[in-house]
>>> print(open('model_15.tsv').read())   # TSV, C-alpha atoms
chain	number	residue	atom	x	y	z
A	17	MET	CA	1.97	13.94	2.22
A	18	PRO	CA	-0.92	13.33	4.63
A	19	PHE	CA	-2.89	10.09	4.52
A	20	LEU	CA	-5.71	10.72	2.02
A	21	ALA	CA	-9.12	9.12	2.51
A	22	THR	CA	-11.63	9.45	-0.32
A	23	VAL	CA	-15.20	8.33	0.33
A	24	LEU	CA	-17.72	7.82	-2.48
A	25	THR	CA	-21.24	8.09	-1.11
A	26	LEU	CA	-24.79	9.19	-1.84
A	27	TYR	CA	-24.73	11.08	1.47
A	28	PRO	CA	-21.55	13.19	1.62
A	29	ASP	CA	-23.01	15.24	4.49
A	30	MET	CA	-22.47	12.20	6.73
A	31	PHE	CA	-18.74	13.01	6.65
A	32	PRO	CA	-16.62	13.74	8.54
A	33	GLY	CA	-19.28	13.07	11.19
A	34	PRO	CA	-17.61	11.44	14.21
A	35	LEU	CA	-14.30	11.53	12.34
A	36	GLY	CA	-14.27	15.28	12.89
A	37	LEU	CA	-14.08	14.83	16.66
A	38	SER	CA	-11.57	13.58	19.24
A	39	MET	CA	-8.24	12.19	18.00
A	40	ALA	CA	-9.33	11.81	14.37
A	41	GLY	CA	-10.68	15.36	14.32
A	42	ARG	CA	-7.48	16.78	15.76
A	43	GLY	CA	-5.54	14.82	13.16
A	44	LEU	CA	-7.65	16.42	10.43
A	45	GLU	CA	-7.00	19.88	11.82
A	46	ASP	CA	-3.27	19.19	12.13
A	47	GLY	CA	-3.02	17.87	8.57
A	48	ILE	CA	-1.95	14.36	9.58
A	49	TRP	CA	-4.69	12.99	7.34
A	50	SER	CA	-7.24	14.44	4.94
A	51	LEU	CA	-10.75	13.43	3.96
A	52	GLU	CA	-12.82	14.08	0.87
A	53	ALA	CA	-16.42	12.89	0.58
A	54	ARG	CA	-17.61	12.72	-3.03
A	55	ASP	CA	-21.25	12.53	-4.08
A	56	ILE	CA	-21.86	9.57	-6.41
A	57	ARG	CA	-25.07	11.19	-7.65
A	58	ARG	CA	-23.08	13.96	-9.34
A	59	HIS	CA	-22.09	11.40	-11.96
A	60	ALA	CA	-25.63	10.46	-13.02
A	61	THR	CA	-26.50	11.64	-16.51
A	62	ASP	CA	-30.31	11.54	-16.82
A	63	LYS	CA	-32.65	14.36	-15.79
A	64	HIS	CA	-33.68	12.48	-12.65
A	65	ALA	CA	-30.08	11.92	-11.52
A	66	SER	CA	-30.75	8.18	-11.31
A	67	VAL	CA	-28.08	6.10	-9.57
A	68	ASP	CA	-29.89	2.77	-9.27
A	69	ASP	CA	-32.08	0.36	-11.21
A	70	THR	CA	-34.00	-2.88	-10.66
A	71	PRO	CA	-32.03	-6.12	-10.21
A	72	ALA	CA	-31.45	-8.20	-13.34
A	73	GLY	CA	-33.37	-11.43	-13.02
A	74	GLY	CA	-35.90	-9.90	-10.67
A	75	GLY	CA	-36.00	-9.52	-6.92
A	76	PRO	CA	-36.66	-6.82	-4.36
A	77	GLY	CA	-34.88	-3.51	-3.99
A	78	MET	CA	-32.56	-1.64	-6.31
A	79	VAL	CA	-28.91	-1.99	-7.40
A	80	LEU	CA	-26.34	0.79	-7.77
A	81	LYS	CA	-25.64	1.27	-11.48
A	82	PRO	CA	-22.14	0.36	-12.74
A	83	ASP	CA	-21.80	3.23	-15.20
A	84	VAL	CA	-22.60	5.90	-12.62
A	85	LEU	CA	-20.36	4.40	-9.94
A	86	ALA	CA	-17.51	3.81	-12.40
A	87	ARG	CA	-17.57	7.47	-13.42
A	88	ALA	CA	-17.45	8.47	-9.74
A	89	ILE	CA	-14.46	6.20	-9.14
A	90	ASP	CA	-12.63	7.39	-12.25
A	91	ALA	CA	-13.15	11.03	-11.29
A	92	ALA	CA	-11.73	10.40	-7.81
A	93	THR	CA	-8.58	8.55	-8.90
A	94	THR	CA	-5.77	8.69	-11.41
A	95	ALA	CA	-3.61	6.07	-13.11
A	96	GLU	CA	-0.87	6.82	-10.56
A	97	ASP	CA	-3.21	6.38	-7.59
A	98	THR	CA	-2.20	3.11	-5.91
A	99	ARG	CA	-4.45	3.45	-2.87
A	100	PRO	CA	-6.56	0.38	-2.03
A	101	ARG	CA	-10.14	0.62	-3.31
A	102	LEU	CA	-12.56	-0.73	-0.73
A	103	LEU	CA	-16.27	-1.47	-1.01
A	104	MET	CA	-18.11	-1.76	2.28
A	105	SER	CA	-20.08	-5.01	1.99
A	106	PRO	CA	-21.40	-7.65	4.42
A	107	ARG	CA	-19.98	-10.34	2.15
A	108	GLY	CA	-16.46	-8.86	2.18
A	109	ARG	CA	-13.26	-9.91	3.95
A	110	PRO	CA	-13.54	-9.32	7.70
A	111	LEU	CA	-11.89	-6.17	8.99
A	112	THR	CA	-9.12	-7.17	11.39
A	113	GLN	CA	-6.48	-5.26	13.29
A	114	ASP	CA	-3.80	-6.76	11.06
A	115	TYR	CA	-5.59	-5.48	7.95
A	116	VAL	CA	-6.14	-2.07	9.56
A	117	ARG	CA	-2.42	-1.85	10.32
A	118	GLU	CA	-1.64	-2.74	6.71
A	119	LEU	CA	-3.97	-0.02	5.42
A	120	SER	CA	-2.60	2.58	7.82
A	121	ALA	CA	0.92	2.01	6.47
A	122	GLY	CA	-0.08	3.18	3.00
A	123	SER	CA	-0.67	6.61	1.49
A	124	GLY	CA	-4.43	6.49	1.83
A	125	VAL	CA	-7.58	4.62	0.88
A	126	MET	CA	-10.66	5.03	-1.28
A	127	ILE	CA	-13.92	3.70	0.14
A	128	VAL	CA	-17.14	3.10	-1.79
A	129	CYS	CA	-20.30	3.16	0.33
A	130	GLY	CA	-22.93	0.88	-1.13
A	131	ARG	CA	-26.67	1.35	-0.77
A	132	PHE	CA	-29.87	-0.45	-1.74
A	133	GLU	CA	-29.38	-4.17	-2.54
A	134	GLY	CA	-25.74	-3.65	-3.41
A	135	VAL	CA	-23.46	-2.75	-6.32
A	136	ASP	CA	-23.44	-4.17	-9.84
A	137	GLU	CA	-20.86	-6.97	-9.81
A	138	ARG	CA	-19.25	-5.74	-13.03
A	139	VAL	CA	-17.99	-2.49	-11.52
A	140	ILE	CA	-16.53	-4.41	-8.57
A	141	GLU	CA	-14.47	-6.47	-10.99
A	142	ALA	CA	-13.68	-3.73	-13.53
A	143	ARG	CA	-12.47	-1.19	-10.95
A	144	GLY	CA	-10.70	-3.63	-8.66
A	145	LEU	CA	-12.81	-3.07	-5.54
A	146	THR	CA	-11.98	-5.11	-2.45
A	147	GLU	CA	-15.09	-5.91	-0.45
A	148	VAL	CA	-14.65	-5.40	3.30
A	149	SER	CA	-17.05	-6.26	6.12
A	150	VAL	CA	-17.10	-4.78	9.63
A	151	GLY	CA	-19.20	-7.61	11.03
A	152	ASP	CA	-21.81	-10.29	10.47
A	153	TYR	CA	-24.79	-7.95	10.21
A	154	VAL	CA	-26.39	-5.68	7.63
A	155	LEU	CA	-26.44	-1.87	7.76
A	156	SER	CA	-28.66	0.50	5.81
A	157	GLY	CA	-25.61	1.67	3.88
A	158	GLY	CA	-21.83	1.63	3.79
A	159	GLU	CA	-21.35	4.98	5.48
A	160	PRO	CA	-21.34	3.79	9.13
A	161	ALA	CA	-18.97	0.98	8.12
A	162	ALA	CA	-16.68	3.50	6.40
A	163	HIS	CA	-16.57	5.51	9.62
A	164	VAL	CA	-15.47	2.38	11.48
A	165	VAL	CA	-12.75	1.56	8.96
A	166	LEU	CA	-11.37	5.10	8.90
A	167	ASP	CA	-11.46	5.50	12.67
A	168	ALA	CA	-9.51	2.26	13.08
A	169	ILE	CA	-6.94	3.35	10.48
A	170	VAL	CA	-6.50	6.97	11.53
A	171	ARG	CA	-5.77	6.22	15.19
A	172	LEU	CA	-2.69	4.26	14.05
A	173	LEU	CA	-1.23	7.10	11.99
A	174	PRO	CA	1.93	8.65	13.48
A	175	GLY	CA	1.09	11.68	15.58
A	176	ILE	CA	-2.57	10.79	16.23
A	177	MET	CA	-2.29	9.12	19.64
A	178	GLY	CA	-0.65	11.25	22.28
A	179	ASN	CA	1.21	8.20	23.57
A	180	ALA	CA	1.76	5.69	20.78
A	181	ALA	CA	2.65	3.01	23.33
A	182	SER	CA	-0.93	3.12	24.65
A	183	GLY	CA	-2.03	0.97	21.73
A	184	HIS	CA	0.49	-1.83	22.19
A	185	ASP	CA	-1.53	-3.89	24.67
A	186	GLU	CA	-5.00	-3.27	23.31
A	187	SER	CA	-7.34	-6.03	22.22
A	188	PHE	CA	-6.26	-7.85	19.03
A	189	GLU	CA	-2.81	-6.24	18.93
A	190	ARG	CA	-1.12	-9.40	20.25
A	191	GLY	CA	-3.75	-11.98	19.32
A	192	ARG	CA	-5.43	-11.59	22.71
A	193	LEU	CA	-8.12	-9.48	24.37
A	194	GLU	CA	-6.95	-6.68	26.63
A	195	HIS	CA	-6.62	-7.27	30.36
A	196	PRO	CA	-9.03	-5.52	32.80
A	197	GLN	CA	-8.30	-1.89	33.62
A	198	TYR	CA	-8.70	-0.03	36.93
A	199	THR	CA	-8.17	3.49	38.28
A	200	ARG	CA	-8.82	5.52	41.45
A	201	PRO	CA	-10.60	5.43	43.84
A	202	ARG	CA	-8.91	2.39	45.33
A	203	GLU	CA	-12.25	1.15	46.67
A	204	TRP	CA	-15.58	1.78	44.96
A	205	GLU	CA	-18.93	0.36	46.11
A	206	GLY	CA	-17.09	-2.24	48.14
A	207	LEU	CA	-14.96	-3.35	45.19
A	208	GLU	CA	-11.19	-2.92	45.35
A	209	ILE	CA	-8.47	-2.63	42.76
A	210	PRO	CA	-6.55	-5.96	42.65
A	211	PRO	CA	-3.69	-5.59	45.16
A	212	VAL	CA	-1.04	-6.72	42.68
A	213	LEU	CA	-1.65	-3.58	40.59
A	214	LEU	CA	-0.77	-1.42	43.62
A	215	SER	CA	2.21	-3.53	44.73
A	216	GLY	CA	4.87	-1.74	42.71
A	217	ASP	CA	6.20	-5.15	41.62
A	218	HIS	CA	6.41	-4.59	37.86
A	219	ALA	CA	7.23	-8.20	37.05
A	220	ALA	CA	4.21	-9.41	39.02
A	221	ILE	CA	2.01	-6.79	37.38
A	222	THR	CA	3.15	-7.88	33.93
A	223	ARG	CA	2.41	-11.53	34.77
A	224	TRP	CA	-1.04	-10.61	36.11
A	225	LYS	CA	-1.93	-8.66	32.99
A	226	GLN	CA	-0.84	-11.50	30.73
A	227	GLU	CA	-2.73	-14.09	32.77
A	228	GLN	CA	-5.91	-11.99	32.77
A	229	SER	CA	-5.59	-11.34	29.05
A	230	GLU	CA	-5.25	-15.05	28.30
A	231	LYS	CA	-8.13	-15.91	30.64
A	232	LEU	CA	-10.49	-13.41	28.99
A	233	THR	CA	-9.50	-14.48	25.50
A	234	LYS	CA	-10.06	-18.15	26.27
A	235	ALA	CA	-13.48	-17.42	27.77
A	236	ARG	CA	-14.77	-14.90	25.23
A	237	ARG	CA	-12.80	-15.29	22.00
A	238	PRO	CA	-11.10	-18.69	21.86
A	239	ASP	CA	-10.93	-18.29	18.07
A	240	LEU	CA	-8.15	-15.73	18.58
A	241	ILE	CA	-5.83	-18.18	20.30
A	242	ARG	CA	-3.24	-19.48	17.88
A	243	PRO	CA	-1.31	-22.68	18.49
A	244	LYS	CA	2.26	-22.11	19.66
A	245	ASP	CA	5.01	-22.82	17.11
>>> encode(input="model_15.tsv", output="structure tokens")
Amino acid sequence: MPFLATVLTLYPDMFPGPLGLSMAGRGLEDGIWSLEARDIRRHATDKHASVDDTPAGGGPGMVLKPDVLARAIDAATTAEDTRPRLLMSPRGRPLTQDYVRELSAGSGVMIVCGRFEGVDERVIEARGLTEVSVGDYVLSGGEPAAHVVLDAIVRLLPGIMGNAASGHDESFERGRLEHPQYTRPREWEGLEIPPVLLSGDHAAITRWKQEQSEKLTKARRPDLIRPKD
């Protein structure tokens, strides 16, 4: 069975969007994964198709109604559906490469895209939604964040990357940032490729890459460096 991604959104036309292009798009065409975007508004019951209401206790903005969203979730899943249920939220657990790898190993994922001031807390609890954040900033809605999550997951699915080994040394895969990359021409605007990369000495090249990776990580993301056991 292909990896199944279900997205609940008020804007289903935003999907597949960039996920229909490049590696993810080819994976869709080849049946490696599948995507369904479901319109939350279809589950509103009043004549105005209302999906939101004012916050209890006062305050600005609107809140996505629990009854409408719960019906959308229930229609998209079954009792046998064990896929993780994610809610894109700036207050959620940070998205990391380790978590992406965990999600990619499963059968799929359901993602709820919030809007307005957020989602009624009761539906988060009652439907077992895991809040996930793609960074310390606020977006206009969960759709761009859902694209990020799915792109990160899909590229790890077997058969997506032409050369699976190309992902082994990327940033965050080994708790470090990736080393600098170079390609032809050998000299460009007076700048040369580091000679060690052209030496043919594979051991020296490996050492150089590791040293550069550690140097960059220490300078830019020291929080990634874990103490040695």
>>> closest_atom_pairs(input="model_15.tsv", of="segment 25-101 of chain A", to="segment 124-130 of chain A", cutoff="7 Å", atoms="all atoms listed in the file", output="CSV")
residue,atom,partner,partner_atom,distance
A:Thr25,CA,A:Cys129,CA,5.2
A:Arg99,CA,A:Val125,CA,5.0
A:Pro100,CA,A:Val125,CA,5.2
A:Arg101,CA,A:Met126,CA,4.9
>>> write_last_selection(input="model_15.tsv", atoms="C-alpha atoms", output="CSV table (one decimal), in the frame of the given file")
chain,number,residue,atom,x,y,z
A,25,THR,CA,-21.2,8.1,-1.1
A,99,ARG,CA,-4.4,3.4,-2.9
A,100,PRO,CA,-6.6,0.4,-2.0
A,101,ARG,CA,-10.1,0.6,-3.3
>>> residues_near_point(input="model_15.tsv", point="(-11.9, 0.5, -10.3)", cutoff="10 Å", atoms="all atoms listed in the file", output="PyMOL selection string")
chain A and resi 85-90+93+100-102+139-146
>>> closest_residue(input="model_15.tsv", among="A:Leu232, A:Ala72, A:Val165, A:Ala40", to="His195 of chain A", atoms="all atoms listed in the file")
A:Leu232
>>> atom_distance(input="model_15.tsv", atom1="atom CA of Thr112 of chain A", atom2="atom CA of Asp167 of chain A")
12.9 Å
>>> atom_distance(input="model_15.tsv", atom1="atom CA of Thr233 of chain A", atom2="atom CA of Glu189 of chain A")
12.5 Å
>>> residues_around(input="model_15.tsv", residues="Glu52 of chain A", least_positions_apart="2", cutoff="7 Å", atoms="only C-alpha atoms", output="ChimeraX atom specification")
/A:21-23,50,54
>>> atom_distance(input="model_15.tsv", atom1="atom CA of Trp224 of chain A", atom2="atom CA of Asp239 of chain A")
22.0 Å
>>> closest_residue(input="model_15.tsv", among="A:Val150, A:Ala65, A:Gly206, A:Ser229", to="His163 of chain A", atoms="only C-alpha atoms")
A:Val150
>>> axis_aligned_box(input="model_15.tsv", around="segment 223-240 of chain A", padding_each_side="6 Å", output="JSON")
{"center_x": -6.2, "center_y": -13.7, "center_z": 27.1, "size_x": 29.2, "size_y": 22.0, "size_z": 30.0}
>>> residues_around(input="model_15.tsv", residues="Arg202 of chain A", least_positions_apart="4", cutoff="12 Å", atoms="all atoms listed in the file", output="PyMOL selection string")
chain A and resi 198+206-211+213-214
>>> closest_residue(input="model_15.tsv", among="A:Ala161, A:Leu193, A:Leu111, A:Ala60", to="Lys234 of chain A", atoms="only C-alpha atoms")
A:Leu193
>>> closest_residue(input="model_15.tsv", among="A:Ala219, A:Ile176, A:Val135, A:Leu240", to="Gly157 of chain A", atoms="all atoms listed in the file")
A:Val135
>>> residues_near_point(input="model_15.tsv", point="(-10.0, 3.4, 15.3)", cutoff="10 Å", atoms="only C-alpha atoms", output="number ranges by chain")
A: 35, 39-40, 113, 116, 163-172
